[in-house]
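**Q** The following block contains the structure, expressed as structure tokens.
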Amino acid sequence: IGLGPAGMSAAICCARADLNVLVIEKALPGGSCSTAYKINNFIGFPGGIFGEDLSERMESQLFEYPIAHTCENVENILNPRESKKAVQTDLGHIYYTKSIIIAHGLEPKQLNAPFESQFMGRGVSYFAGGDADFYKGADVMVIGTGNCACYAAEHLSTVANKVYLLCHFDYLKAVSSLKKNIEENPKIDIIWDSDVEQVFGIDRVEKAQIVNRTTQQHTWIDVKGVFIYIGRIPPQDFLCADIEVDEQGFIVTDEYMRSNIPGIYAAGDIRSKQVRQIATAVSDGMIAGINVERDFFRQ
């Protein structure tokens with residue numbers, strides 16, 4: 001379940017073991033990897049690679065194998081503790097299988113502000129990689145302090161007139177090299193220790209009101225787009241209530257990617273773990289695929 005780096009890695013590993021593999025993905029292949037602007041920390045690509053290009057390479061390798069693929073949203077695992085499990089999708093299909101690898105990744109964390117739903121697709125976005133071209137020559141705002149927010153700001157600076165990076169703290173939580181790039185970029189204006197209060201517009205976003213957390217000063221800034229990068233969280237409508245998760249909702253597994261339910265594995269960002277990177281997702285997927293074959297199919 002899921003066609004990001006973890007899901008593709010798992011599927012390839014299972015296919016190489018001559019297992020019958022179905023991948024169910026509700027969106028395009030690549031997951032969050034495809035939404036990244038440029039990836040500099042995946043080994044084998046000196047100078048970095050664009051996220052979309054890396055996703056396309058992974059996908060082309062995936063379909064060198066006889067792997068079935070369907071574009072649906074998994075809604076439930078009907079009988080998780082049975083030896084023959086049933087996976088139900090939003091299209092009403094039910095797929096029966098011995099093993100399931102959950103690798104559907106995370107969802108963008110929302111501010112839970114009224115303007116998010118009001119202006120979704122009309123100036124509010126969680127996807128700078130895909131939406132940047134709509135803001136050529138415009139002023140935009142990125143909300144966040146971590147790596148993803150900084151990558152989004154850096155990418156947007158290549159097309160926008162000005163990028164305001166709105167930081168809840170008085171520091172960036174990104175890696176040192178990325179922080180340096182952001183701080184030295186003349187098109188990025190960092191606004192420290194501030195939050196967004198409201199967003200105004202008639203048909204689309206026109207301006208955002210921010211408040212300084214220390215002085216309580218309110219300021220209106222003219223922007224045409226607001227990109228929200230305050231973190232990612234596990235899906236709230238989870239697939240199976242019987243699966244053990246940690247206090248944040250990530251699936252708990254052992255080192256072999258096994259969950260608490262025999263035959264159900266988890267790989268990638270959905271797992272409870274310390275590091276969530278493309279490299280660790282690929283590793284998780286391979287480990288899960290190897291252990292599916294060992295646990296249920298090897299004689």
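In the structure tokens, the first chain shown is A, the next is B, and so on; residue numbers restart at 1 for each chain, and ligands run from 1 in the order shown.
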Which polymer residues have any atom within 7 Å of an atom of range 209-219 of chain A, counting only C-alpha atoms, with same-chain residues fewer than 5 positions away left out, as a list of chain:residue names?

**A** A:Asp193, A:Ser194, A:Asp195, A:Val196, A:Glu197, A:Gln198, A:Val199

**Q** Could you pull out the alpha helix (DSSP H) residues of range 222-294 of chain A from DSSP and send them as a list in words?

**A**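 Here is the list: Ile278, Ala279, Thr280, Ala281, Val282, Ser283, Asp284, Gly285, Met286, Ile287, Ala288, Gly289, Ile290, Asn291, Val292, Glu293 and Arg294 of chain A.
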
**Q** If you take only C-alpha atoms and a cut-off of 8 Å, which residues of range 70-158 of chain A touch range 169-173 of chain A, and what are their nearest atom pairs and distances in Å to one decimal, in chain and number order, as a Markdown table?

**A**
| residue | atom | partner | partner_atom | distance |
| --- | --- | --- | --- | --- |
| A:Thr145 | CA | A:Leu172 | CA | 5.0 |
| A:Gly146 | CA | A:Lys173 | CA | 4.7 |
| A:Asn147 | CA | A:Lys173 | CA | 6.9 |

**Q** Taking the DSSP secondary structure from the backbone, can you list the residues of range 23-219 of chain A that are strand (DSSP E), as a PyMOL selection string?

**A** chain A and resi 23-24+38-39+49-50+67-70+74-77+85-89+94-97+100-102+107-108+124-125+139-143+162-166+188-191+194-200+207-212+218-219
